[in-house]
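A short write-up of the structure that comes next.
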Amino acid sequence: MTDHRRSRRRGQGELEGQVLAALRAADEPVTAGWVQERLGGDLAYTTVITILTRLLAKGAVTRERAGRSFAWTPSSDEAGLAARRMRKVLDGEQDREAVLASFVTALEPEDERLLRELLGRAKDEGED
C-alpha cells in the first residue's frame, strides 16, 4: 500500500535555495544542525550536509572549522550567485560573442539601458 501523505518532490535547486536563505538569515556562521532546525527539521541531517557540500563546490558558501563540525556562511548575496551562474554558462560556450550578442538583443529596452549605464560606470571606474 502506497502512502499518499508523502511530501511532494522538491524541484531542482529548491533545497539549495532554502539552505542559502537560511544561511543569509543568520547573523554569523552556523552549523548544519542549525540549518536543519531552521528548515523545520523534516530534512535528514545528511541531506543538509549534502546540499551544503554541493553549494561549497559551486562557490556559493564557505565553511570554517567549529570544533568537530563546520560553520557555514553564504559567500555572496542572491545577485552575486545569479551572476556566478551566468558566468558559468558563458564560460561553457565556445562562441562567447554570439552568446552575448544574443543575450543583449533579447533584452527589454529598460534592461538594455541599465546594462549600458553599468558598463559606462565600470569603464569610468577603470579610468581612475
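Simple scheme: letters A, B, ... for chains in C-alpha cells order, numbers from 1 for residues in each chain, numbers from 1 for ligands in the order shown.
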Residues within 7 Å of Trp72 (chain A), please, as a compact mmCIF listing (two decimals) with all heavy atoms, in the first residue's frame. Count only C-alpha atoms; anything in the same chain fewer than 2 positions from it doesn't count.
# COMPACT_ATOMS: atom_id res chain seq x y z
N PRO A 29 28.29 32.70 11.10
CA PRO A 29 28.39 31.34 10.56
C PRO A 29 27.62 30.35 11.43
O PRO A 29 27.62 30.47 12.66
CB PRO A 29 29.90 31.07 10.61
CG PRO A 29 30.53 32.42 10.55
CD PRO A 29 29.61 33.31 11.33
N VAL A 30 26.95 29.40 10.79
CA VAL A 30 26.10 28.45 11.52
C VAL A 30 26.41 27.02 11.10
O VAL A 30 26.96 26.77 10.04
CB VAL A 30 24.60 28.75 11.29
CG1 VAL A 30 24.23 30.10 11.88
CG2 VAL A 30 24.24 28.70 9.81
N THR A 31 26.02 26.09 11.96
CA THR A 31 26.25 24.67 11.70
C THR A 31 25.14 24.09 10.83
O THR A 31 24.06 24.68 10.68
CB THR A 31 26.30 23.88 13.02
OG1 THR A 31 25.01 23.97 13.63
CG2 THR A 31 27.38 24.40 13.94
N VAL A 61 28.95 28.97 -0.87
CA VAL A 61 29.12 29.06 0.58
C VAL A 61 30.59 28.84 0.92
O VAL A 61 31.35 28.31 0.11
CB VAL A 61 28.25 28.03 1.35
CG1 VAL A 61 26.78 28.24 1.08
CG2 VAL A 61 28.67 26.60 1.05
N THR A 62 30.95 29.25 2.12
CA THR A 62 32.26 28.94 2.67
C THR A 62 32.04 28.24 3.99
O THR A 62 30.94 28.27 4.54
CB THR A 62 33.11 30.21 2.89
OG1 THR A 62 32.42 31.06 3.81
CG2 THR A 62 33.36 30.95 1.58
N ARG A 63 33.09 27.60 4.49
CA ARG A 63 32.97 26.94 5.78
C ARG A 63 34.26 27.12 6.56
O ARG A 63 35.33 27.32 5.98
CB ARG A 63 32.64 25.46 5.62
CG ARG A 63 33.76 24.64 5.03
CD ARG A 63 33.36 23.20 4.86
NE ARG A 63 34.52 22.44 4.36
CZ ARG A 63 34.48 21.18 4.02
NH1 ARG A 63 33.35 20.51 4.11
NH2 ARG A 63 35.56 20.57 3.59
N GLU A 64 34.11 27.05 7.87
CA GLU A 64 35.28 27.12 8.74
C GLU A 64 35.08 26.11 9.85
O GLU A 64 33.94 25.79 10.22
CB GLU A 64 35.46 28.53 9.30
CG GLU A 64 34.25 29.04 10.06
CD GLU A 64 34.34 30.51 10.42
OE1 GLU A 64 34.60 31.32 9.52
OE2 GLU A 64 34.13 30.83 11.60
N PHE A 70 31.62 22.00 11.08
CA PHE A 70 31.91 23.20 10.31
C PHE A 70 30.82 24.23 10.56
O PHE A 70 29.67 23.89 10.81
CB PHE A 70 31.95 22.91 8.80
CG PHE A 70 33.14 22.12 8.37
CD1 PHE A 70 33.03 20.76 8.11
CD2 PHE A 70 34.38 22.72 8.22
CE1 PHE A 70 34.13 20.02 7.70
CE2 PHE A 70 35.49 21.99 7.82
CZ PHE A 70 35.36 20.64 7.55
N PRO A 74 27.12 32.05 3.67
CA PRO A 74 26.95 32.28 2.23
C PRO A 74 28.11 33.15 1.72
O PRO A 74 28.57 34.05 2.43
CB PRO A 74 25.61 33.02 2.12
CG PRO A 74 25.40 33.62 3.46
CD PRO A 74 26.10 32.73 4.45
### Message
Please return, as JSON, numbers by chain, all residues of chain A that DSSP assigns to strand (DSSP E) on the basis of the backbone.
### Response
{"A": [61, 62, 63, 64, 65, 66, 69, 70, 71, 72, 73, 74]}
Selection above as a file: all heavy atoms, as a compact mmCIF listing (two decimals), in the first residue's frame:
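Done, and the output landed in selection.txt:
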# COMPACT_ATOMS: atom_id res chain seq x y z
N VAL A 61 28.95 28.97 -0.87
CA VAL A 61 29.12 29.06 0.58
C VAL A 61 30.59 28.84 0.92
O VAL A 61 31.35 28.31 0.11
CB VAL A 61 28.25 28.03 1.35
CG1 VAL A 61 26.78 28.24 1.08
CG2 VAL A 61 28.67 26.60 1.05
N THR A 62 30.95 29.25 2.12
CA THR A 62 32.26 28.94 2.67
C THR A 62 32.04 28.24 3.99
O THR A 62 30.94 28.27 4.54
CB THR A 62 33.11 30.21 2.89
OG1 THR A 62 32.42 31.06 3.81
CG2 THR A 62 33.36 30.95 1.58
N ARG A 63 33.09 27.60 4.49
CA ARG A 63 32.97 26.94 5.78
C ARG A 63 34.26 27.12 6.56
O ARG A 63 35.33 27.32 5.98
CB ARG A 63 32.64 25.46 5.62
CG ARG A 63 33.76 24.64 5.03
CD ARG A 63 33.36 23.20 4.86
NE ARG A 63 34.52 22.44 4.36
CZ ARG A 63 34.48 21.18 4.02
NH1 ARG A 63 33.35 20.51 4.11
NH2 ARG A 63 35.56 20.57 3.59
N GLU A 64 34.11 27.05 7.87
CA GLU A 64 35.28 27.12 8.74
C GLU A 64 35.08 26.11 9.85
O GLU A 64 33.94 25.79 10.22
CB GLU A 64 35.46 28.53 9.30
CG GLU A 64 34.25 29.04 10.06
CD GLU A 64 34.34 30.51 10.42
OE1 GLU A 64 34.60 31.32 9.52
OE2 GLU A 64 34.13 30.83 11.60
N ARG A 65 36.18 25.60 10.36
CA ARG A 65 36.11 24.61 11.45
C ARG A 65 35.44 25.22 12.66
O ARG A 65 35.71 26.35 13.03
CB ARG A 65 37.50 24.16 11.86
CG ARG A 65 38.00 22.96 11.16
CD ARG A 65 37.45 21.69 11.77
NE ARG A 65 37.81 20.60 10.89
CZ ARG A 65 37.08 19.54 10.71
NH1 ARG A 65 35.96 19.39 11.35
NH2 ARG A 65 37.47 18.60 9.91
N ALA A 66 34.55 24.44 13.27
CA ALA A 66 33.89 24.82 14.52
C ALA A 66 33.85 23.57 15.38
O ALA A 66 32.88 22.81 15.35
CB ALA A 66 32.50 25.36 14.25
N SER A 69 32.88 20.03 13.85
CA SER A 69 31.97 20.28 12.74
C SER A 69 32.48 21.47 11.93
O SER A 69 33.62 21.88 12.06
CB SER A 69 30.57 20.57 13.30
OG SER A 69 29.63 20.70 12.26
N PHE A 70 31.62 22.00 11.08
CA PHE A 70 31.91 23.20 10.31
C PHE A 70 30.82 24.23 10.56
O PHE A 70 29.67 23.89 10.81
CB PHE A 70 31.95 22.91 8.80
CG PHE A 70 33.14 22.12 8.37
CD1 PHE A 70 33.03 20.76 8.11
CD2 PHE A 70 34.38 22.72 8.22
CE1 PHE A 70 34.13 20.02 7.70
CE2 PHE A 70 35.49 21.99 7.82
CZ PHE A 70 35.36 20.64 7.55
N ALA A 71 31.20 25.50 10.46
CA ALA A 71 30.24 26.59 10.47
C ALA A 71 30.20 27.13 9.04
O ALA A 71 31.25 27.35 8.42
CB ALA A 71 30.66 27.67 11.46
N TRP A 72 29.01 27.35 8.53
CA TRP A 72 28.79 27.69 7.12
C TRP A 72 28.32 29.13 6.98
O TRP A 72 27.56 29.63 7.81
CB TRP A 72 27.76 26.75 6.52
CG TRP A 72 28.14 25.31 6.62
CD1 TRP A 72 27.97 24.48 7.70
CD2 TRP A 72 28.77 24.52 5.62
NE1 TRP A 72 28.45 23.23 7.43
CE2 TRP A 72 28.95 23.21 6.16
CE3 TRP A 72 29.20 24.77 4.32
CZ2 TRP A 72 29.53 22.19 5.43
CZ3 TRP A 72 29.78 23.74 3.60
CH2 TRP A 72 29.95 22.47 4.16
N THR A 73 28.74 29.78 5.88
CA THR A 73 28.38 31.16 5.59
C THR A 73 28.13 31.28 4.09
O THR A 73 28.89 30.71 3.30
CB THR A 73 29.54 32.11 5.96
OG1 THR A 73 29.93 31.86 7.31
CG2 THR A 73 29.16 33.56 5.81
N PRO A 74 27.12 32.05 3.67
CA PRO A 74 26.95 32.28 2.23
C PRO A 74 28.11 33.15 1.72
O PRO A 74 28.57 34.05 2.43
CB PRO A 74 25.61 33.02 2.12
CG PRO A 74 25.40 33.62 3.46
CD PRO A 74 26.10 32.73 4.45
### Query
If you run DSSP on this backbone, which residues of chain A come out as alpha helix (DSSP H), and could you give them as a PyMOL selection string?
chain A and resi 14-25+32-38+45-57+78-91+96-105+109-126
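When CA of Ala83 (chain A) is paired with CA of Arg54 (chain A), their separation reads 17.7 Å.
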### Task
May I ask which of the residues A:Leu52, A:Glu78, A:Pro109, A:Phe103 is the closest one to Leu90 (chain A), counting only C-alpha atoms?
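Residue with the minimum atom-to-atom distance to Leu90 (chain A): A:Phe103.
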### Query
Pick the closest to Glu37 (chain A) from A:Leu118, A:Ala79, A:Val19, A:Ile51: which is it, counting only C-alpha atoms?
A:Val19
### Query
Rounded to one decimal in Å, what is the spacing between CA of Gly59 (chain A) and CA of Ala122 (chain A)?
24.1 Å
